[in-house]
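Colleague: So that you have it, the file is target.txt, and it contains compact mmCIF, C-alpha atoms:
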# COMPACT_ATOMS: atom_id res chain seq x y z
CA MET S 27 160.50 78.17 17.70
CA ASN S 28 156.81 78.73 18.40
CA ARG S 29 156.54 80.71 15.23
CA ARG S 30 158.15 77.85 13.26
CA LYS S 31 155.66 75.36 14.81
CA GLN S 32 152.75 77.66 13.95
CA THR S 33 153.99 77.93 10.39
CA ARG S 34 154.33 74.14 10.11
CA ARG S 35 150.80 73.69 11.54
CA ALA S 36 149.47 76.27 9.10
CA PHE S 37 151.07 74.46 6.16
CA ALA S 38 149.81 71.10 7.47
CA SER S 39 146.28 72.53 7.77
CA ILE S 40 146.44 73.96 4.28
CA ALA S 41 147.73 70.66 2.89
CA ALA S 42 144.98 68.72 4.68
CA LEU S 43 142.34 71.18 3.48
CA ALA S 44 143.66 70.96 -0.06
CA LEU S 45 143.49 67.16 0.10
CA VAL S 46 139.89 67.29 1.36
CA VAL S 47 138.89 69.79 -1.34
CA SER S 48 140.64 67.73 -4.00
CA ALA S 49 138.98 64.53 -2.77
CA THR S 50 135.60 66.29 -2.72
CA ALA S 51 136.17 67.47 -6.28
CA ARG S 52 137.05 63.93 -7.35
CA LEU S 53 134.01 62.56 -5.52
CA GLY S 54 131.81 65.16 -7.21
CA ARG S 55 133.25 64.17 -10.56
CA ALA S 56 132.79 60.48 -9.78
CA GLN S 57 129.16 61.06 -8.84
CA LEU S 58 128.56 62.99 -12.04
CA GLY S 59 130.36 60.20 -13.84
CA SER S 60 127.77 57.76 -12.59
CA MET S 61 125.02 60.12 -13.77
CA ASP S 62 126.72 59.92 -17.15
CA ALA S 63 126.57 56.14 -17.12
CA PRO S 64 125.02 55.12 -20.43
CA ALA S 65 121.31 54.41 -20.35
CA LYS S 66 122.15 52.07 -23.22
CA PRO S 67 123.84 49.12 -21.55
CA ARG S 68 126.56 47.13 -23.27
CA ALA S 69 124.77 43.85 -22.53
CA TYR S 70 121.02 43.57 -22.41
CA VAL S 71 120.91 40.00 -21.11
CA VAL S 72 122.70 38.55 -18.10
CA TYR S 73 123.18 34.83 -17.44
CA ALA S 74 122.54 33.83 -13.84
CA ALA S 75 125.16 31.11 -13.46
CA GLU S 76 124.01 28.69 -10.77
CA PRO S 77 125.83 25.45 -9.95
CA GLN S 78 123.39 22.58 -10.35
CA SER S 79 123.34 18.95 -9.36
CA VAL S 80 121.80 16.09 -11.36
CA PRO S 81 121.73 12.31 -11.00
CA ALA S 82 124.62 10.68 -12.90
CA GLY S 83 123.84 8.44 -15.87
CA ARG S 84 120.17 9.46 -16.05
CA SER S 85 118.39 11.95 -18.23
CA SER S 86 118.00 15.19 -16.24
CA LEU S 87 117.09 18.77 -16.94
CA LEU S 88 119.47 21.67 -16.40
CA GLU S 89 117.90 25.10 -16.04
CA LEU S 90 119.65 28.10 -17.54
CA ARG S 91 118.21 31.33 -16.20
CA PHE S 92 118.66 34.67 -17.96
CA GLN S 93 117.70 38.16 -16.89
CA ILE S 94 116.92 40.90 -19.42
CA VAL S 95 117.70 44.49 -18.45
CA ALA S 96 114.53 46.38 -17.46
CA GLY S 97 112.96 48.35 -20.31
CA PHE S 98 114.32 46.02 -22.99
CA HIS S 99 113.05 42.87 -24.68
CA ILE S 100 114.67 40.36 -26.99
CA ASN S 101 113.18 38.24 -29.76
CA SER S 102 112.03 34.83 -28.59
CA HIS S 103 113.37 31.66 -30.18
CA THR S 104 110.45 31.84 -32.60
CA PRO S 105 109.91 35.48 -33.58
CA LYS S 106 106.89 36.10 -35.74
CA SER S 107 108.83 37.79 -38.51
CA GLN S 108 111.35 36.19 -40.84
CA PHE S 109 113.41 39.39 -40.64
CA LEU S 110 114.08 39.07 -36.94
CA ILE S 111 116.96 37.29 -35.22
CA PRO S 112 115.79 34.51 -32.88
CA THR S 113 117.38 33.99 -29.48
CA THR S 114 119.57 30.94 -29.83
CA LEU S 115 121.88 29.05 -27.49
CA THR S 116 124.76 27.18 -29.12
CA LEU S 117 126.47 24.46 -27.07
CA GLN S 118 130.04 23.28 -27.41
CA PRO S 119 130.75 19.55 -26.96
CA ALA S 120 131.66 18.65 -23.37
CA THR S 121 133.38 15.45 -22.28
CA GLY S 122 131.11 13.13 -20.33
CA VAL S 123 127.95 15.07 -21.19
CA LYS S 124 125.35 14.05 -23.75
CA PRO S 125 122.96 16.97 -24.26
CA GLY S 126 119.43 16.59 -25.61
CA ALA S 127 117.31 19.04 -27.56
CA LEU S 128 117.30 22.43 -25.87
CA GLN S 129 113.88 23.59 -24.70
CA TYR S 130 113.09 27.26 -25.27
CA PRO S 131 110.18 28.90 -23.45
CA ALA S 132 107.27 30.38 -25.34
CA GLY S 133 107.56 34.12 -25.88
CA GLN S 134 105.19 36.91 -24.93
CA ILE S 135 103.23 38.92 -27.47
CA TYR S 136 104.60 42.45 -27.78
CA SER S 137 103.73 45.46 -29.92
CA PHE S 138 105.58 48.73 -30.29
CA PRO S 139 103.35 51.46 -28.82
CA SER S 140 103.06 53.38 -32.09
CA VAL S 141 101.99 50.29 -34.10
CA PRO S 142 99.80 48.24 -31.78
CA GLY S 143 98.62 46.07 -34.69
CA ASP S 144 102.08 44.57 -35.30
CA LYS S 145 102.61 41.62 -32.98
CA LEU S 146 106.05 40.35 -32.07
CA ASP S 147 107.05 37.35 -29.98
CA VAL S 148 109.60 38.32 -27.33
CA TYR S 149 111.22 37.51 -24.02
CA ALA S 150 111.14 40.24 -21.38
CA GLY S 151 112.09 40.24 -17.70
CA SER S 152 113.59 36.80 -17.23
CA PHE S 153 113.47 33.55 -19.13
CA THR S 154 114.71 30.01 -18.54
CA LEU S 155 116.08 27.54 -21.07
CA ARG S 156 115.92 23.85 -20.19
CA LEU S 157 118.66 21.53 -21.33
CA PRO S 158 118.24 17.75 -21.02
CA VAL S 159 121.55 16.02 -20.29
CA VAL S 160 122.91 12.61 -19.47
CA ALA S 161 126.25 12.96 -17.68
CA THR S 162 128.92 10.76 -16.20
CA PRO S 163 129.64 11.18 -12.47
CA GLY S 164 131.70 14.26 -11.60
CA ASP S 165 131.89 18.00 -12.18
CA HIS S 166 131.04 19.24 -15.65
CA ALA S 167 131.10 22.53 -17.55
CA ILE S 168 129.43 23.10 -20.90
CA ALA S 169 130.63 26.15 -22.80
CA ALA S 170 127.88 27.84 -24.78
CA THR S 171 126.97 31.15 -26.40
CA LEU S 172 123.65 32.94 -26.37
CA ARG S 173 122.86 35.08 -29.42
CA TYR S 174 120.09 37.60 -29.03
CA GLN S 175 118.91 40.91 -30.38
CA ALA S 176 117.42 43.51 -28.06
CA CYS S 177 115.01 46.41 -28.49
CA ASP S 178 113.33 48.91 -26.23
CA SER S 179 109.92 50.47 -26.80
CA ALA S 180 111.06 52.43 -29.86
CA SER S 181 114.52 51.33 -31.00
CA CYS S 182 116.51 48.20 -31.67
CA TYR S 183 120.16 47.41 -31.04
CA PRO S 184 122.58 45.20 -32.97
CA PRO S 185 122.62 41.48 -32.19
CA ARG S 186 124.95 40.39 -29.43
CA THR S 187 126.51 37.10 -28.38
CA ILE S 188 127.34 36.39 -24.75
CA PRO S 189 129.35 33.48 -23.34
CA VAL S 190 127.46 31.08 -21.09
CA ASN S 191 129.23 28.52 -18.92
CA VAL S 192 126.86 25.84 -17.66
CA VAL S 193 128.40 24.30 -14.57
CA PHE S 194 126.90 21.24 -12.86
CA THR S 195 127.73 18.13 -10.89
CA ALA S 196 126.47 14.64 -11.68
CA LYS S 197 126.27 12.40 -8.60
CA MET D 19 147.10 81.88 4.88
CA ALA D 20 146.32 83.90 1.76
CA ALA D 21 147.82 81.13 -0.35
CA GLY D 22 145.61 78.59 1.45
CA ILE D 23 142.46 80.61 0.83
CA ALA D 24 143.43 81.03 -2.81
CA LEU D 25 143.96 77.27 -3.08
CA VAL D 26 140.52 76.55 -1.58
CA VAL D 27 138.82 79.06 -3.93
CA TRP D 28 140.69 77.65 -6.93
CA SER D 29 139.74 74.04 -6.02
CA GLY D 30 136.10 75.04 -5.59
CA TRP D 31 136.08 76.77 -8.95
CA GLN D 32 137.69 73.74 -10.62
CA ASN D 33 135.06 71.49 -9.05
CA LEU D 34 132.25 73.71 -10.35
CA ARG D 35 133.82 73.79 -13.82
CA GLN D 36 134.10 69.98 -13.88
CA ARG D 37 130.47 69.61 -12.81
CA ARG D 38 129.29 72.02 -15.52
CA SER D 39 131.38 70.25 -18.13
CA ALA D 40 130.05 66.83 -17.09
CA MET D 41 126.46 68.09 -17.18
CA GLN D 42 126.97 69.55 -20.65
CA GLU D 43 128.44 66.25 -21.87
CA GLN D 44 125.50 64.39 -20.40
CA GLN D 45 123.04 66.74 -22.11
CA GLN D 46 124.78 66.34 -25.46
CA ARG D 47 124.79 62.57 -25.22
CA ARG D 48 121.16 62.31 -24.18
CA VAL D 49 119.80 61.92 -27.68
CA ASP D 50 122.22 59.07 -28.32
CA LEU D 51 121.72 57.22 -25.11
CA VAL D 52 118.02 57.61 -24.50
CA PRO D 53 116.33 56.99 -27.83
CA ASN D 54 112.93 56.97 -26.17
CA ALA D 55 113.32 60.66 -25.45
CA ALA D 56 112.99 61.22 -29.15
CA ALA D 57 110.54 58.43 -29.84
CA ASN D 58 107.85 60.88 -30.83
CA GLY D 59 109.82 61.49 -34.00
CA SER D 60 111.52 64.65 -32.89
CA SER D 61 114.79 65.06 -31.10
CA ASP D 62 113.65 68.31 -29.46
CA GLY D 63 116.82 70.00 -30.67
CA GLN D 64 119.10 67.66 -28.71
CA SER D 65 121.04 66.12 -31.57
CA PRO D 66 124.51 67.58 -31.92
CA LEU D 67 124.03 67.50 -35.70
CA GLN D 68 120.81 69.49 -35.74
CA GLY D 69 121.25 72.83 -37.48
CA LYS D 70 124.61 71.79 -38.91
CA PRO D 71 125.61 70.87 -42.46
CA ALA D 72 125.06 67.19 -43.18
CA PRO D 73 128.39 65.31 -43.09
CA ALA D 74 129.58 64.40 -46.58
CA PHE D 75 129.65 60.73 -47.57
CA THR D 76 130.29 58.51 -50.53
CA LEU D 77 128.87 55.02 -50.03
CA LEU D 78 128.21 52.00 -52.20
CA ASP D 79 124.66 51.13 -53.15
CA LEU D 80 123.40 47.57 -53.58
CA ASN D 81 124.58 47.57 -57.23
CA GLY D 82 128.11 48.54 -56.23
CA LYS D 83 127.73 52.11 -57.48
CA ASN D 84 129.08 55.06 -55.49
CA VAL D 85 126.45 57.43 -54.16
CA SER D 86 127.44 60.72 -52.50
CA LEU D 87 125.61 63.28 -50.43
CA SER D 88 126.48 65.80 -53.14
CA ASP D 89 124.34 63.80 -55.62
CA PHE D 90 121.31 65.20 -53.77
CA LYS D 91 122.48 68.81 -53.72
CA GLY D 92 119.58 71.27 -53.83
CA ARG D 93 116.97 68.64 -52.89
CA PRO D 94 115.26 68.01 -49.56
CA LEU D 95 116.70 64.72 -48.34
CA LEU D 96 115.73 62.15 -45.74
CA ILE D 97 118.54 59.82 -44.65
CA ASN D 98 117.32 56.80 -42.71
CA PHE D 99 119.74 54.50 -40.86
CA TRP D 100 118.25 51.03 -40.46
CA GLY D 101 119.21 47.38 -39.90
CA THR D 102 117.84 44.11 -41.24
CA TYR D 103 117.27 42.94 -37.64
CA CYS D 104 115.35 46.05 -36.63
CA ALA D 105 111.59 45.53 -36.30
CA PRO D 106 110.70 49.23 -35.94
CA CYS D 107 112.76 49.95 -39.07
CA MET D 108 110.60 47.47 -41.00
CA VAL D 109 107.50 49.33 -39.83
CA GLU D 110 108.91 52.69 -40.84
CA MET D 111 110.45 51.85 -44.23
CA PRO D 112 107.18 51.33 -46.15
CA TRP D 113 106.09 54.75 -44.83
CA LEU D 114 109.32 56.28 -46.14
CA GLN D 115 108.73 54.56 -49.48
CA GLU D 116 105.28 56.14 -49.60
CA PHE D 117 106.73 59.58 -48.78
CA SER D 118 109.42 59.19 -51.45
CA ARG D 119 106.72 58.77 -54.11
CA LYS D 120 104.17 61.20 -52.69
CA TYR D 121 106.68 64.04 -52.36
CA ALA D 122 108.82 63.29 -55.41
CA PRO D 123 107.17 66.23 -57.25
CA ASP D 124 108.51 68.44 -54.42
CA GLY D 125 112.00 67.13 -55.02
CA LEU D 126 112.18 64.91 -51.95
CA ALA D 127 114.84 62.21 -52.00
CA VAL D 128 114.91 59.35 -49.51
CA VAL D 129 118.03 57.29 -48.88
CA GLY D 130 118.39 54.30 -46.59
CA ILE D 131 121.75 53.43 -45.05
CA THR D 132 122.10 49.92 -43.63
CA TYR D 133 123.84 49.82 -40.29
CA ASP D 134 124.48 46.07 -40.62
CA SER D 135 126.27 46.02 -43.97
CA GLU D 136 128.09 42.84 -42.94
CA VAL D 137 124.97 40.71 -43.51
CA GLY D 138 125.68 41.09 -47.22
CA ARG D 139 124.07 42.78 -50.19
CA ASP D 140 121.87 39.80 -51.08
CA ALA D 141 120.22 39.65 -47.65
CA ILE D 142 119.74 43.41 -47.63
CA ALA D 143 118.27 43.36 -51.15
CA ARG D 144 115.87 40.55 -50.23
CA THR D 145 114.71 42.52 -47.19
CA THR D 146 114.10 45.76 -49.08
CA GLU D 147 112.38 43.89 -51.90
CA LYS D 148 109.97 42.24 -49.45
CA LEU D 149 109.27 45.63 -47.89
CA GLY D 150 108.59 47.17 -51.32
CA VAL D 151 111.38 49.70 -50.92
CA THR D 152 112.73 51.17 -54.16
CA TYR D 153 114.60 54.24 -52.87
CA PRO D 154 118.41 53.92 -52.83
CA ILE D 155 119.88 51.69 -50.15
CA LEU D 156 123.51 52.36 -49.28
CA LEU D 157 125.98 50.28 -47.31
CA SER D 158 127.22 52.01 -44.20
CA THR D 159 130.86 52.46 -43.24
CA PRO D 160 132.41 53.09 -39.82
CA LYS D 161 133.12 56.68 -40.90
CA ALA D 162 129.51 57.35 -41.90
CA GLU D 163 128.35 55.84 -38.61
CA LYS D 164 130.82 57.96 -36.66
CA ASP D 165 129.83 61.14 -38.52
CA TYR D 166 126.08 60.64 -38.23
CA LEU D 167 125.46 58.36 -35.26
CA SER D 168 128.15 59.58 -32.85
CA GLY D 169 128.43 56.21 -31.14
CA THR D 170 124.75 55.38 -30.79
CA GLU D 171 123.61 52.06 -32.19
CA ALA D 172 119.89 52.56 -31.63
CA LEU D 173 117.86 52.19 -34.81
CA PRO D 174 115.97 53.57 -36.62
CA ILE D 175 117.34 57.08 -36.78
CA SER D 176 116.59 59.57 -39.55
CA PHE D 177 118.13 62.87 -40.59
CA TYR D 178 116.05 65.50 -42.38
CA ILE D 179 118.23 67.67 -44.60
CA ASP D 180 116.99 70.82 -46.30
CA ARG D 181 117.84 71.99 -49.83
CA GLU D 182 120.83 73.88 -48.51
CA GLY D 183 122.32 70.73 -47.00
CA LYS D 184 121.54 71.58 -43.38
CA ILE D 185 120.16 68.99 -40.96
CA ILE D 186 116.97 70.54 -39.68
CA GLU D 187 115.58 67.58 -37.73
CA VAL D 188 116.65 64.22 -36.35
CA SER D 189 114.16 61.53 -35.40
CA ALA D 190 115.31 58.60 -33.30
CA GLY D 191 113.21 55.54 -32.58
CA LEU D 192 109.90 54.56 -34.06
CA GLY D 193 107.50 57.49 -34.11
CA SER D 194 104.07 57.76 -35.66
CA LYS D 195 103.63 57.99 -39.42
CA ASP D 196 101.95 61.38 -39.04
CA VAL D 197 104.88 62.83 -37.14
CA LEU D 198 107.37 61.53 -39.71
CA GLU D 199 105.28 62.98 -42.55
CA SER D 200 105.14 66.36 -40.81
CA LEU D 201 108.95 66.30 -40.58
CA VAL D 202 109.14 65.50 -44.29
CA LYS D 203 106.86 68.46 -45.08
CA GLU D 204 108.94 70.70 -42.85
CA THR D 205 112.08 69.58 -44.69
CA ILE D 206 110.54 70.31 -48.06
CA ALA D 207 109.40 73.74 -46.91
CA ALA D 208 112.75 74.63 -45.34
CA GLY D 209 115.82 76.07 -47.05
CA GLY D 210 114.04 77.90 -49.87
CA LYS D 211 113.02 76.51 -53.24
Represent the structure from my file as structure tokens, please.
Modeller:
Amino acid sequence: MNRRKQTRRAFASIAALALVVSATARLGRAQLGSMDAPAKPRAYVVYAAEPQSVPAGRSSLLELRFQIVAGFHINSHTPKSQFLIPTTLTLQPATGVKPGALQYPAGQIYSFPSVPGDKLDVYAGSFTLRLPVVATPGDHAIAATLRYQACDSASCYPPRTIPVNVVFTAK
Amino acid sequence: MAAGIALVVWSGWQNLRQRRSAMQEQQQRRVDLVPNAAANGSSDGQSPLQGKPAPAFTLLDLNGKNVSLSDFKGRPLLINFWGTYCAPCMVEMPWLQEFSRKYAPDGLAVVGITYDSEVGRDAIARTTEKLGVTYPILLSTPKAEKDYLSGTEALPISFYIDREGKIIEVSAGLGSKDVLESLVKETIAAGGK
């Protein structure tokens, strides 16, 4: 009987040990997996969706804040070269909301390190678009898309379009 | 007990093997994922294509004519992937145009392959015309991108192919003109004459 118990305990210990080893192996793999995470992100710009409140029936400004992944920049709305793709927000019509002309911030001057003489106009870090609206009382959502094209200090990446949902309340 | 010890040893060995494999994968992908690492114009031997025969292709040029890798057989060749949206590409392309003329007596051929073929031939032609580029511009295909770019979408990226059809260098990102020219000279000198 004792011998049977000892055998069971031994098997239980081995099973537990095997589980721990297996979990450790998976953890090791998972950690390496995160080391493998692409340095090239899928999206270079993130929209910081913040619910906002504006007075109903009066012209008000909504602020749309965007964050650009560190180490990258995107063309401003007015890049200095005709070849480059400007950052553009396109709004869809929304019931009860009358949008005005979107206000883009001025860009920063940027040069690629190997050609300091060539000046580009870019957004880096974060940037804020301002959207004048007149809205009826209530909760509103404006669907929009932001088109941008990102580069780092030596390379450029294809243009991308991200969905932007501007949520606000008019009181 | 012996079985337990064997299981522990086997699991440890598997873990080590997985780690090694993951590290190798990471090393191989480095040139694709971190273009800045090669921004000096040299990939430091990290490209998986370096030292290998250039993948064959047949692509359309802006006049709708087929152009193949084999058309350049026996010549040193520079293949430059670029996009109409790519500011560093616009800096680099006039340099490549200059090299294509300067080293034509040495047999050098330069070919541009547009990564963003979907913008249309007219837009591509207008861009190259404004840049003063006269070397052949080909329209990329998913296969060519898979064969040469291995999933990276960072531009510009250039492949330096010797007379025997072997890729001897890969430059990713905007480097200096001097570095690019030295790679061109190296390509001309390599693979016999």
Colleague: Quote the spacing between CA of Thr132 (chain D) and CA of Trp100 (chain D) in Å to one decimal place.
Modeller: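 These atoms are spaced 5.1 Å apart.
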Colleague: List the neighbours of Ala176 (chain S) out to 8 Å using only C-alpha atoms; skip same-chain residues closer than 4 positions along the sequence, and give me the result as a short mmCIF file (atom, residue, chain, number, x, y, z; two decimals) with C-alpha atoms, in the coordinates of the input.
Modeller:
data_model
loop_
_atom_site.label_atom_id
_atom_site.label_comp_id
_atom_site.auth_asym_id
_atom_site.auth_seq_id
_atom_site.Cartn_x
_atom_site.Cartn_y
_atom_site.Cartn_z
CA TYR S 70 121.02 43.57 -22.41
CA PHE S 98 114.32 46.02 -22.99
CA HIS S 99 113.05 42.87 -24.68
CA ILE S 100 114.67 40.36 -26.99
CA ASN S 101 113.18 38.24 -29.76
CA CYS S 182 116.51 48.20 -31.67
CA TYR S 183 120.16 47.41 -31.04
CA PRO S 184 122.58 45.20 -32.97
CA PRO S 185 122.62 41.48 -32.19
#
Colleague: Which polymer residues, whether protein, DNA or RNA, lie within 10 Å of the coordinate (124.5, 59.2, -34.1) when you count only C-alpha atoms? List them as a list in words, using the chain letters and numbers from the file.
Modeller: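 Protein, DNA and RNA residues close to (124.5, 59.2, -34.1): Arg47, Val49, Asp50, Leu51, Ser65, Pro66, Leu67, Phe99, Ala162, Glu163, Lys164, Asp165, Tyr166, Leu167, Ser168, Gly169, Thr170, Glu171, Ala172, Leu173, Ile175, Ser176, Phe177, Val188 and Ala190 of chain D.
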Colleague: Ranking S:Tyr130, S:Tyr149, S:Phe138, S:Phe109 by minimum distance to Leu192 (chain D) and counting all atoms listed in the file, which one comes first?
Modeller: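 Ranking S:Tyr130, S:Tyr149, S:Phe138, S:Phe109 by distance to Leu192 (chain D), first place goes to S:Phe138.
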Colleague: Please report the interatomic distance between CA of Leu117 (chain S) and CA of Gly133 (chain S) in Å with one decimal.
Modeller: 21.3 Å
Colleague: Write out as an mmCIF file with C-alpha atoms, in the frame of the given file the residues lying within 12 Å of Leu198 (chain D), counting all atoms listed in the file and excluding same-chain residues fewer than 2 positions away.
Modeller:
data_model
loop_
_atom_site.group_PDB
_atom_site.id
_atom_site.type_symbol
_atom_site.label_atom_id
_atom_site.label_comp_id
_atom_site.auth_asym_id
_atom_site.auth_seq_id
_atom_site.Cartn_x
_atom_site.Cartn_y
_atom_site.Cartn_z
ATOM 1 C CA SER S 140 103.060 53.380 -32.090
ATOM 2 C CA ALA D 56 112.990 61.220 -29.150
ATOM 3 C CA ALA D 57 110.540 58.430 -29.840
ATOM 4 C CA ASN D 58 107.850 60.880 -30.830
ATOM 5 C CA GLY D 59 109.820 61.490 -34.000
ATOM 6 C CA SER D 60 111.520 64.650 -32.890
ATOM 7 C CA SER D 61 114.790 65.060 -31.100
ATOM 8 C CA LEU D 96 115.730 62.150 -45.740
ATOM 9 C CA ASN D 98 117.320 56.800 -42.710
ATOM 10 C CA GLU D 110 108.910 52.690 -40.840
ATOM 11 C CA MET D 111 110.450 51.850 -44.230
ATOM 12 C CA TRP D 113 106.090 54.750 -44.830
ATOM 13 C CA LEU D 114 109.320 56.280 -46.140
ATOM 14 C CA GLU D 116 105.280 56.140 -49.600
ATOM 15 C CA PHE D 117 106.730 59.580 -48.780
ATOM 16 C CA ILE D 175 117.340 57.080 -36.780
ATOM 17 C CA SER D 176 116.590 59.570 -39.550
ATOM 18 C CA PHE D 177 118.130 62.870 -40.590
ATOM 19 C CA TYR D 178 116.050 65.500 -42.380
ATOM 20 C CA GLU D 187 115.580 67.580 -37.730
ATOM 21 C CA VAL D 188 116.650 64.220 -36.350
ATOM 22 C CA SER D 189 114.160 61.530 -35.400
ATOM 23 C CA ALA D 190 115.310 58.600 -33.300
ATOM 24 C CA GLY D 191 113.210 55.540 -32.580
ATOM 25 C CA LEU D 192 109.900 54.560 -34.060
ATOM 26 C CA GLY D 193 107.500 57.490 -34.110
ATOM 27 C CA SER D 194 104.070 57.760 -35.660
ATOM 28 C CA LYS D 195 103.630 57.990 -39.420
ATOM 29 C CA ASP D 196 101.950 61.380 -39.040
ATOM 30 C CA SER D 200 105.140 66.360 -40.810
ATOM 31 C CA LEU D 201 108.950 66.300 -40.580
ATOM 32 C CA VAL D 202 109.140 65.500 -44.290
ATOM 33 C CA LYS D 203 106.860 68.460 -45.080
ATOM 34 C CA GLU D 204 108.940 70.700 -42.850
ATOM 35 C CA THR D 205 112.080 69.580 -44.690
#
Colleague: Draw an axis-aligned box tight on the listed atoms of region 180-193 of chain S, then pad every side by 4 Å and write out centre and edge lengths in Å to one decimal as lines of an AutoDock Vina configuration file.
Modeller:
center_x = 120.2
center_y = 38.4
center_z = -23.8
size_x = 26.3
size_y = 36.1
size_z = 26.4
Colleague: By how many Å are CA of Val95 (chain S) and CA of Gln175 (chain S) apart?
Modeller: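 We find that CA of Val95 (chain S) and CA of Gln175 (chain S) lie 12.5 Å from each other.
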Colleague: List as a PyMOL selection string the protein and nucleic acid residues near Lys106 (chain S), meaning an atom at most 10 Å away when only C-alpha atoms are counted, but skip any in the same chain fewer than 2 places from it.
Modeller: chain S and resi 101-104+108-110+112+135+144-148
Colleague: With all atoms listed in the file as the basis for distance, which of D:Val151, D:Pro174, D:Thr146, D:Lys83 is at the shortest distance from Pro106 (chain D)?
Modeller: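 Going through D:Val151, D:Pro174, D:Thr146, D:Lys83 one by one, the smallest distance to Pro106 (chain D) is for D:Pro174.
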Colleague: Between S:Gly151, S:Glu89, S:Val193, S:Val141, which has the minimum distance to chain D (counting all atoms listed in the file)?
Modeller: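 With all atoms listed in the file as the atom set, the closest residue is S:Val141.
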Colleague: Write out as a ChimeraX atom specification the residues lying within 7 Å of Val71 (chain S), counting all atoms listed in the file and excluding same-chain residues fewer than 6 positions away.
Modeller: /S:92-95
